[in-house]
>>> print(open('upload14.txt').read())   # compact mmCIF, C-alpha atoms
# COMPACT_ATOMS: atom_id res chain seq x y z
CA MET A 142 25.06 11.04 -6.46
CA ASN A 143 26.36 11.13 -2.91
CA TYR A 144 23.49 10.12 -0.61
CA ILE A 145 24.18 13.09 1.71
CA LEU A 146 23.33 15.41 -1.20
CA ALA A 147 20.55 13.23 -2.64
CA ILE A 148 18.47 13.24 0.57
CA PRO A 149 18.22 17.05 0.95
CA ILE A 150 17.33 17.33 -2.77
CA ILE A 151 14.55 14.76 -2.23
CA LEU A 152 13.25 16.53 0.89
CA LEU A 153 13.42 20.02 -0.66
CA THR A 154 11.60 19.05 -3.88
CA ALA A 155 9.03 17.06 -1.87
CA LEU A 156 8.40 20.12 0.33
CA ILE A 157 8.07 22.52 -2.63
CA THR A 158 5.86 20.32 -4.83
CA GLY A 159 3.76 19.28 -1.84
CA LYS A 160 3.07 22.94 -1.03
CA ILE A 161 2.32 23.79 -4.68
CA PHE A 162 -0.16 20.93 -5.04
CA SER A 163 -1.76 21.84 -1.71
CA ARG A 164 -2.24 25.44 -2.94
CA ILE A 165 -4.09 24.21 -6.05
CA ASN A 166 -6.31 21.95 -3.91
CA LEU A 167 -4.62 18.68 -4.84
CA PRO A 168 -3.24 16.13 -2.35
CA PRO A 169 0.35 16.99 -1.30
CA VAL A 170 1.32 13.31 -1.72
CA VAL A 171 0.71 13.65 -5.48
CA GLY A 172 3.15 16.55 -5.48
CA GLN A 173 5.72 14.36 -3.76
CA LEU A 174 5.19 11.60 -6.34
CA VAL A 175 5.64 14.17 -9.12
CA ALA A 176 8.81 15.43 -7.37
CA GLY A 177 10.29 11.95 -7.77
CA ILE A 178 9.47 11.93 -11.49
CA ILE A 179 11.03 15.41 -11.98
CA ILE A 180 14.32 14.81 -10.14
CA GLY A 181 14.56 11.13 -11.10
CA PRO A 182 15.76 9.35 -14.27
CA ALA A 183 12.50 10.19 -16.07
CA ILE A 184 13.32 13.94 -16.45
CA LEU A 185 16.28 15.70 -14.73
CA ASN A 186 18.15 12.57 -13.59
CA LEU A 187 19.49 14.36 -10.50
CA VAL A 188 18.71 11.46 -8.17
CA LYS A 189 18.73 7.78 -9.08
CA PRO A 190 16.99 5.01 -7.11
CA THR A 191 19.48 3.39 -4.73
CA ASN A 192 19.36 0.69 -2.07
CA LEU A 193 19.65 3.35 0.66
CA ILE A 194 16.76 5.44 -0.69
CA SER A 195 14.71 2.27 -1.16
CA SER A 196 15.40 1.23 2.45
CA LEU A 197 14.47 4.65 3.81
CA ALA A 198 11.31 4.56 1.66
CA GLU A 199 10.40 1.14 3.07
CA LEU A 200 10.74 2.53 6.59
CA GLY A 201 8.55 5.43 5.46
CA VAL A 202 5.67 3.22 4.32
CA ILE A 203 6.01 1.11 7.48
CA LEU A 204 5.65 4.24 9.63
CA LEU A 205 2.74 5.46 7.49
CA MET A 206 0.87 2.20 8.03
CA PHE A 207 1.74 2.19 11.74
CA ILE A 208 0.15 5.65 11.99
CA ALA A 209 -2.89 4.39 10.04
CA GLY A 210 -3.27 1.56 12.56
CA LEU A 211 -2.89 3.98 15.49
CA GLU A 212 -5.62 6.25 14.12
CA SER A 213 -8.02 3.47 13.13
CA ASP A 214 -11.18 2.79 15.10
CA LEU A 215 -11.06 -0.92 16.00
CA LYS A 216 -14.83 -1.07 16.54
CA LEU A 217 -15.46 0.32 13.05
CA LEU A 218 -12.95 -2.12 11.54
CA LYS A 219 -14.81 -5.01 13.18
CA GLN A 220 -18.17 -3.59 12.09
CA TYR A 221 -17.12 -3.37 8.44
CA PHE A 222 -15.07 -6.57 8.36
CA LYS A 223 -17.44 -8.42 6.00
CA PRO A 224 -17.70 -5.69 3.35
CA SER A 225 -13.92 -5.20 3.54
CA ILE A 226 -13.29 -8.89 2.79
CA VAL A 227 -15.82 -8.97 -0.08
CA VAL A 228 -14.40 -5.75 -1.58
CA ALA A 229 -10.88 -7.23 -1.31
CA ILE A 230 -11.83 -10.52 -3.00
CA MET A 231 -13.79 -8.81 -5.80
CA GLY A 232 -10.91 -6.37 -6.17
CA ILE A 233 -8.57 -9.30 -6.80
CA ILE A 234 -10.74 -11.45 -9.09
CA PHE A 235 -11.54 -8.65 -11.57
CA PRO A 236 -7.92 -7.47 -12.12
CA VAL A 237 -6.43 -10.99 -12.33
CA ILE A 238 -8.90 -12.02 -15.06
CA GLY A 239 -9.01 -8.62 -16.81
CA ILE A 240 -5.24 -8.07 -16.86
CA PHE A 241 -4.61 -11.68 -17.96
CA TYR A 242 -6.71 -11.23 -21.11
CA THR A 243 -5.36 -7.71 -21.67
CA SER A 244 -1.79 -9.08 -21.63
CA LYS A 245 -2.77 -11.92 -23.96
CA LEU A 246 -3.87 -9.29 -26.52
CA PHE A 247 -0.19 -8.29 -26.74
CA ALA A 248 0.94 -11.91 -27.32
CA LEU A 249 2.46 -12.40 -23.86
CA SER A 250 2.75 -15.98 -22.59
CA ASN A 251 0.14 -17.51 -20.27
CA ILE A 252 2.52 -17.48 -17.29
CA GLU A 253 3.64 -13.89 -17.86
CA SER A 254 0.05 -12.71 -18.42
CA LEU A 255 -1.16 -14.46 -15.26
CA PHE A 256 1.71 -13.04 -13.20
CA ILE A 257 0.99 -9.50 -14.41
CA GLY A 258 -2.60 -10.13 -13.28
CA VAL A 259 -1.26 -11.04 -9.83
CA ILE A 260 0.80 -7.82 -9.77
CA PHE A 261 -2.27 -5.68 -10.45
CA ALA A 262 -4.41 -7.62 -7.97
CA ALA A 263 -2.53 -5.83 -5.18
CA THR A 264 -3.71 -2.55 -3.65
CA SER A 265 -1.54 0.11 -2.03
CA VAL A 266 -3.38 1.32 1.04
CA SER A 267 -0.71 3.89 1.94
CA ILE A 268 -1.60 6.43 -0.77
CA SER A 269 -5.34 6.42 -0.04
CA VAL A 270 -4.64 6.50 3.70
CA ALA A 271 -2.55 9.66 3.27
CA VAL A 272 -5.39 11.40 1.39
CA LEU A 273 -8.18 10.22 3.73
CA LYS A 274 -6.09 11.13 6.78
CA SER A 275 -5.43 14.64 5.47
CA MET A 276 -9.19 15.14 4.98
CA ASN A 277 -10.22 13.60 8.33
CA ALA A 278 -12.10 10.87 6.45
CA LEU A 279 -10.20 7.80 7.64
CA ASN A 280 -12.75 6.76 10.26
CA THR A 281 -15.83 7.01 8.05
CA LYS A 282 -17.75 3.96 6.75
CA SER A 283 -16.06 4.22 3.35
CA GLY A 284 -12.65 5.06 4.81
CA VAL A 285 -12.67 2.08 7.17
CA THR A 286 -13.84 -0.23 4.37
CA ILE A 287 -11.02 0.99 2.09
CA LEU A 288 -8.50 0.48 4.89
CA GLY A 289 -9.78 -2.98 5.84
CA ALA A 290 -10.14 -4.10 2.21
CA ALA A 291 -6.69 -2.86 1.24
CA VAL A 292 -5.04 -4.67 4.18
CA ALA A 293 -6.98 -7.87 3.32
CA ASP A 294 -6.09 -7.34 -0.34
CA ASP A 295 -2.42 -7.08 0.54
CA ILE A 296 -2.54 -10.36 2.50
CA LEU A 297 -4.48 -12.18 -0.23
CA SER A 298 -2.19 -10.84 -2.98
CA ILE A 299 0.96 -12.02 -1.18
CA LEU A 300 -0.70 -15.41 -0.58
CA LEU A 301 -1.65 -15.55 -4.27
CA LEU A 302 1.96 -14.76 -5.16
CA SER A 303 3.21 -17.55 -2.87
CA ILE A 304 0.82 -20.07 -4.46
CA PHE A 305 1.78 -18.95 -7.97
CA ILE A 306 5.50 -19.25 -7.28
CA THR A 307 5.11 -22.65 -5.59
CA PHE A 308 3.04 -24.22 -8.35
CA ILE A 309 5.24 -23.11 -11.26
CA GLY A 310 8.30 -24.41 -9.48
CA VAL A 311 10.49 -21.37 -8.88
CA SER A 312 11.64 -19.85 -5.64
CA SER A 313 10.86 -16.33 -4.49
CA THR A 314 13.40 -13.93 -3.05
CA HIS A 315 12.43 -15.30 0.39
CA GLY A 316 13.35 -18.85 -0.59
CA SER A 317 11.16 -21.77 -1.57
CA GLN A 318 8.86 -23.12 1.12
CA ASN A 319 6.14 -25.65 1.17
CA ILE A 320 2.94 -23.72 0.51
CA PHE A 321 1.04 -25.47 3.30
CA VAL A 322 3.76 -24.70 5.85
CA LEU A 323 3.75 -21.11 4.66
CA ILE A 324 -0.04 -20.81 5.08
CA LEU A 325 0.21 -22.29 8.60
CA MET A 326 2.92 -19.74 9.46
CA GLN A 327 0.74 -16.91 8.17
CA ILE A 328 -2.26 -18.15 10.17
CA GLY A 329 0.06 -18.38 13.19
CA PHE A 330 1.05 -14.73 12.68
CA PHE A 331 -2.58 -13.56 12.89
CA ILE A 332 -3.26 -15.76 15.93
CA PHE A 333 -0.19 -14.24 17.60
CA VAL A 334 -1.44 -10.69 16.83
CA TRP A 335 -4.90 -11.60 18.15
CA ILE A 336 -3.38 -12.93 21.42
CA LEU A 337 -1.30 -9.75 21.78
CA LEU A 338 -4.42 -7.66 21.27
CA ILE A 339 -6.27 -9.55 24.04
CA LEU A 340 -3.30 -9.14 26.41
CA VAL A 341 -2.93 -5.40 25.67
CA LYS A 342 -6.65 -4.79 26.30
CA LYS A 343 -6.71 -6.93 29.47
CA PHE A 344 -3.53 -5.70 31.12
CA LYS A 345 -3.12 -1.93 31.17
CA ILE A 346 0.64 -1.74 30.72
CA LYS A 347 2.23 1.25 32.43
CA ILE A 348 5.52 2.72 31.25
CA ASN A 349 7.22 6.09 31.41
CA HIS A 350 5.19 8.44 29.18
CA THR A 351 8.27 9.69 27.31
CA LEU A 352 9.33 6.09 26.50
CA ALA A 353 6.00 5.22 24.85
CA PRO A 354 6.97 6.35 21.29
CA ILE A 355 10.20 4.31 21.23
CA VAL A 356 8.38 1.25 22.65
CA GLY A 357 5.69 1.72 20.00
CA LEU A 358 8.34 1.99 17.28
CA ILE A 359 10.04 -1.19 18.52
CA VAL A 360 6.71 -3.08 18.45
CA CYS A 361 6.04 -1.71 14.95
CA LEU A 362 9.39 -2.84 13.53
CA LEU A 363 9.29 -6.23 15.27
CA LEU A 364 5.80 -7.06 13.93
CA SER A 365 6.82 -5.77 10.48
CA ALA A 366 9.87 -8.04 10.50
CA LEU A 367 7.77 -11.00 11.68
CA ALA A 368 5.22 -10.36 8.92
CA GLU A 369 8.03 -10.28 6.33
CA HIS A 370 9.40 -13.54 7.72
CA VAL A 371 6.14 -15.35 6.97
CA GLN A 372 5.95 -13.62 3.56
CA ILE A 373 3.20 -11.18 4.50
CA SER A 374 4.10 -7.61 3.60
CA ALA A 375 5.83 -5.61 6.35
CA ILE A 376 3.18 -2.89 6.05
CA THR A 377 0.55 -5.37 7.28
CA GLY A 378 2.61 -6.04 10.41
CA ALA A 379 3.05 -2.29 10.90
CA PHE A 380 -0.70 -1.70 10.59
CA PHE A 381 -1.51 -4.30 13.26
CA ALA A 382 1.23 -2.88 15.49
CA GLY A 383 -0.58 0.46 15.24
CA ILE A 384 -3.86 -1.23 16.18
CA LEU A 385 -2.17 -2.76 19.24
CA ILE A 386 -0.59 0.49 20.48
CA GLY A 387 -3.87 2.26 19.71
CA GLN A 388 -5.54 0.24 22.50
CA THR A 389 -3.22 1.72 25.15
CA ASN A 390 -3.43 4.98 27.08
CA TYR A 391 -0.44 6.28 25.12
CA LYS A 392 -2.18 6.29 21.72
CA GLU A 393 -2.39 10.08 21.16
CA TYR A 394 1.13 10.84 22.39
CA VAL A 395 2.69 8.04 20.32
CA ASP A 396 0.64 9.10 17.28
CA ARG A 397 1.84 12.71 17.56
CA GLN A 398 5.50 11.77 18.03
CA ILE A 399 5.60 9.13 15.27
CA ASN A 400 3.82 11.52 12.87
CA GLN A 401 6.52 14.14 13.47
CA PHE A 402 9.31 11.57 13.24
CA GLY A 403 7.99 9.93 10.05
CA ASN A 404 7.08 13.11 8.18
CA LEU A 405 10.45 14.66 8.92
CA LEU A 406 12.35 12.21 6.69
CA PHE A 407 11.02 8.74 5.92
CA ILE A 408 7.45 9.31 4.65
CA PRO A 409 8.35 12.04 2.09
CA ILE A 410 11.19 9.83 0.81
CA PHE A 411 8.70 6.97 0.33
CA PHE A 412 6.42 9.04 -1.92
CA VAL A 413 9.32 10.57 -3.88
CA ASN A 414 10.88 7.12 -4.34
CA VAL A 415 7.75 5.92 -6.18
CA GLY A 416 8.32 8.67 -8.76
CA LEU A 417 12.05 7.92 -8.97
CA ASN A 418 11.20 4.49 -10.39
CA MET A 419 9.39 5.97 -13.40
CA ASN A 420 11.20 5.11 -16.64
CA ILE A 421 10.15 7.06 -19.74
CA SER A 422 12.02 4.78 -22.17
CA GLY A 423 10.00 1.77 -21.00
CA ILE A 424 6.77 3.65 -21.70
CA VAL A 425 7.88 4.83 -25.16
CA GLU A 426 8.97 1.35 -26.26
CA ASN A 427 5.64 -0.23 -25.28
CA ALA A 428 3.32 2.80 -25.44
CA SER A 429 0.21 0.88 -26.52
CA LEU A 430 0.70 -1.78 -23.81
CA PHE A 431 1.24 0.96 -21.20
CA ILE A 432 -1.97 2.77 -22.15
CA VAL A 433 -4.17 -0.34 -22.36
CA LEU A 434 -2.66 -1.91 -19.24
CA SER A 435 -3.16 1.30 -17.22
CA ILE A 436 -6.80 1.64 -18.34
CA ALA A 437 -7.48 -2.04 -17.56
CA ALA A 438 -5.75 -1.70 -14.15
CA VAL A 439 -7.97 1.24 -13.17
CA ILE A 440 -11.25 -0.14 -14.52
CA THR A 441 -10.92 -3.72 -13.19
CA LYS A 442 -9.95 -2.69 -9.65
CA PHE A 443 -12.62 0.03 -9.55
CA LEU A 444 -15.37 -2.32 -10.80
CA GLY A 445 -14.46 -5.11 -8.37
CA ALA A 446 -14.38 -2.79 -5.35
CA TYR A 447 -17.45 -0.81 -6.46
CA LEU A 448 -19.62 -3.91 -7.01
CA GLY A 449 -18.38 -5.49 -3.77
CA SER A 450 -19.37 -2.42 -1.74
CA ARG A 451 -22.74 -2.05 -3.50
CA PHE A 452 -23.50 -5.62 -2.40
CA PHE A 453 -23.44 -4.26 1.19
CA LYS A 454 -25.84 -1.39 0.40
CA PHE A 455 -23.28 1.39 0.21
CA THR A 456 -24.61 4.39 -1.71
CA ARG A 457 -23.34 4.90 -5.25
CA LEU A 458 -21.16 7.81 -4.15
CA SER A 459 -19.68 5.89 -1.19
CA ALA A 460 -19.11 2.84 -3.42
CA THR A 461 -17.36 5.13 -5.93
CA GLU A 462 -15.13 6.41 -3.11
CA ILE A 463 -14.23 2.82 -2.18
CA GLY A 464 -13.63 1.86 -5.81
CA VAL A 465 -11.36 4.84 -6.44
CA GLY A 466 -9.62 4.37 -3.07
CA MET A 467 -8.60 0.86 -4.12
CA ILE A 468 -7.11 1.57 -7.58
CA SER A 469 -3.65 2.59 -6.33
CA ARG A 470 -1.10 -0.24 -6.60
CA GLY A 471 1.96 1.51 -5.13
CA GLU A 472 4.57 -0.32 -3.08
CA VAL A 473 2.87 -3.76 -3.02
CA GLY A 474 2.71 -3.88 -6.82
CA LEU A 475 6.34 -2.74 -7.03
CA ILE A 476 7.45 -5.47 -4.60
CA ILE A 477 5.62 -8.22 -6.51
CA SER A 478 7.00 -6.89 -9.83
CA GLU A 479 10.55 -7.05 -8.48
CA ILE A 480 10.06 -10.64 -7.31
CA GLY A 481 8.70 -11.52 -10.76
CA LEU A 482 11.69 -9.95 -12.53
CA LYS A 483 14.21 -11.77 -10.32
CA ASN A 484 12.46 -15.09 -10.96
CA ASN A 485 12.09 -14.54 -14.73
CA LEU A 486 8.28 -14.45 -14.49
CA ILE A 487 8.23 -11.17 -16.40
CA SER A 488 10.78 -10.06 -19.00
CA ASP A 489 12.99 -6.97 -18.87
CA ASN A 490 11.13 -5.68 -21.95
CA TYR A 491 7.87 -5.27 -20.03
CA TYR A 492 9.16 -4.55 -16.52
CA SER A 493 9.49 -0.77 -17.00
CA THR A 494 6.05 -0.62 -18.63
CA ILE A 495 4.45 -2.45 -15.69
CA ILE A 496 6.25 -0.18 -13.19
CA ALA A 497 5.05 2.90 -15.10
CA SER A 498 1.44 1.62 -15.04
CA ILE A 499 1.69 0.97 -11.29
CA ILE A 500 2.99 4.49 -10.71
CA LEU A 501 0.25 6.00 -12.90
CA THR A 502 -2.48 4.26 -10.83
CA THR A 503 -0.69 5.49 -7.70
CA ILE A 504 -0.83 9.09 -8.94
CA LEU A 505 -4.41 8.84 -10.24
CA ALA A 506 -5.89 7.45 -7.00
CA PRO A 507 -5.41 10.55 -4.79
CA LEU A 508 -6.31 12.88 -7.68
CA LEU A 509 -9.67 11.13 -8.14
CA LEU A 510 -10.29 10.43 -4.46
CA LYS A 511 -10.13 13.96 -3.05
CA PRO A 512 -13.08 15.50 -5.00
CA ILE A 513 -15.27 12.46 -4.20
CA VAL A 514 -14.53 12.75 -0.45
CA MET A 515 -15.25 16.49 -0.60
CA LYS A 516 -18.57 15.86 -2.34
CA ILE A 517 -19.59 13.28 0.30
CA LYS A 518 -18.73 15.76 3.07
CA GLN A 519 -20.98 18.37 1.51
CA ILE A 520 -24.02 16.07 1.57
>>> encode(input="upload14.txt", output="structure tokens")
Amino acid sequence: MNYILAIPIILLTALITGKIFSRINLPPVVGQLVAGIIIGPAILNLVKPTNLISSLAELGVILLMFIAGLESDLKLLKQYFKPSIVVAIMGIIFPVIGIFYTSKLFALSNIESLFIGVIFAATSVSISVAVLKSMNALNTKSGVTILGAAVADDILSILLLSIFITFIGVSSTHGSQNIFVLILMQIGFFIFVWILLILVKKFKIKINHTLAPIVGLIVCLLLSALAEHVQISAITGAFFAGILIGQTNYKEYVDRQINQFGNLLFIPIFFVNVGLNMNISGIVENASLFIVLSIAAVITKFLGAYLGSRFFKFTRLSATEIGVGMISRGEVGLIISEIGLKNNLISDNYYSTIIASIILTTILAPLLLKPIVMKIKQI
């Protein structure tokens, strides 16, 4: 379909389903995900995934994470740094081991089983951020821990992917690099961000107020590109760009303008695009694997995050919120899956099933998260 026609169809269905889901007290983002399933190859086949839609969707998730960084409380992030790291690590260990043995039950090879474990080790922060943000729960203890853990999880998952690819002797889509050089580059990225943060806080940069959003957007895209260059996900760079701009006097104005800009086109396309990738035939062919894999993906991530947060004395309800907030795999899982397919680490037979499981966790997360957040607010 001509992209000029495809985009208004995406935006219209996202608007309608978002409103419908909002009316029945469900997160609008779930409606947008469902919109993608309805108009995509899974049901009506009106819109197919294309490189253009995928690129617009990538810009959407970058803007979403930039906004999350802008609206994050840096003091709270520092305060809950330790629990975030522990939740992230536990949330990686449990899925890698659990999914490995789950895949082995279906006679997959050791390498394929381990790689699928790496795929489901990732967490998509963007979905949970959208729900928490809509409920004004992003800057709570649990919200900050989910945000910090998911960002750490993203970094650790990409690093795990790099190590995996290096040691089995194939090159990723970014090209083969010495793992130690890669780690040094990634450390250098975080040192660079830290230096920028010190400079921004020390020197109160003054620019024309109306230019602040475009300057913020430039910083966001540059840091996203730099993060991608050192094989850290672009969304991590975007998040830290938001943190940086959030330390300036232009925070609220930039936040308002970027919110309007992103939600006008790019962010709805991101959520719809997740649904567009749903393939019913892949689910039907491997129905038992899809069901078991999805259950294992939810349980292992939830348990890891729940136990990690309980270690830091979070209440059972808050730990449940963190556990549920971490189960979404979303764009990070999709990216790792694509790399695996291109490098023959997973077969075509199982690719659609894995994508479907990722999308199911992405849809489940906001559905389960909203009632828990509401219950916590009532206490």
>>> residues_around(input="upload14.txt", residues="segment 371-386 of chain A", least_positions_apart="5", cutoff="9 Å", atoms="all atoms listed in the file", output="PyMOL selection string")
chain A and resi 199+202-215+267+292-293+295-296+299-300+303+315+323-324+326-327+330+334+337-338+341-342+357-358+360-366+391-392+395-396+473
>>> closest_residue(input="upload14.txt", among="A:Gly403, A:Pro169, A:Pro354, A:Pro236", to="Phe256 of chain A", atoms="all atoms listed in the file")
A:Pro236
>>> atom_distance(input="upload14.txt", atom1="atom CA of Leu505 of chain A", atom2="atom CA of Phe431 of chain A")
14.6 Å
>>> closest_residue(input="upload14.txt", among="A:Ile194, A:Ile150, A:Ile260, A:Leu352", to="Phe241 of chain A", atoms="only C-alpha atoms")
A:Ile260
>>> closest_residue(input="upload14.txt", among="A:Val227, A:Leu501, A:Ile240, A:Leu200", to="Phe452 of chain A", atoms="all atoms listed in the file")
A:Val227
>>> residues_around(input="upload14.txt", residues="Ala229 of chain A", least_positions_apart="5", cutoff="12 Å", atoms="all atoms listed in the file", output="number ranges by chain")
A: 222-224, 234-236, 262-266, 286-298, 442-450, 463-464, 466-468
>>> residues_near_point(input="upload14.txt", point="(5.4, 21.4, -4.3)", cutoff="12 Å", atoms="all atoms listed in the file", output="number ranges by chain")
A: 151-177, 179, 409, 413
>>> residues_around(input="upload14.txt", residues="Leu249 of chain A", least_positions_apart="3", cutoff="12 Å", atoms="only C-alpha atoms", output="VMD selection string")
chain A and resid 240 to 246 252 to 258 430 486 to 488 490 to 491
>>> atom_distance(input="upload14.txt", atom1="atom CA of Val285 of chain A", atom2="atom CA of Ile359 of chain A")
25.6 Å
>>> atom_distance(input="upload14.txt", atom1="atom CA of Leu217 of chain A", atom2="atom CA of Thr281 of chain A")
8.4 Å
>>> closest_residue(input="upload14.txt", among="A:Ile440, A:Val270, A:Ile500, A:Val433", to="Ile421 of chain A", atoms="all atoms listed in the file")
A:Ile500
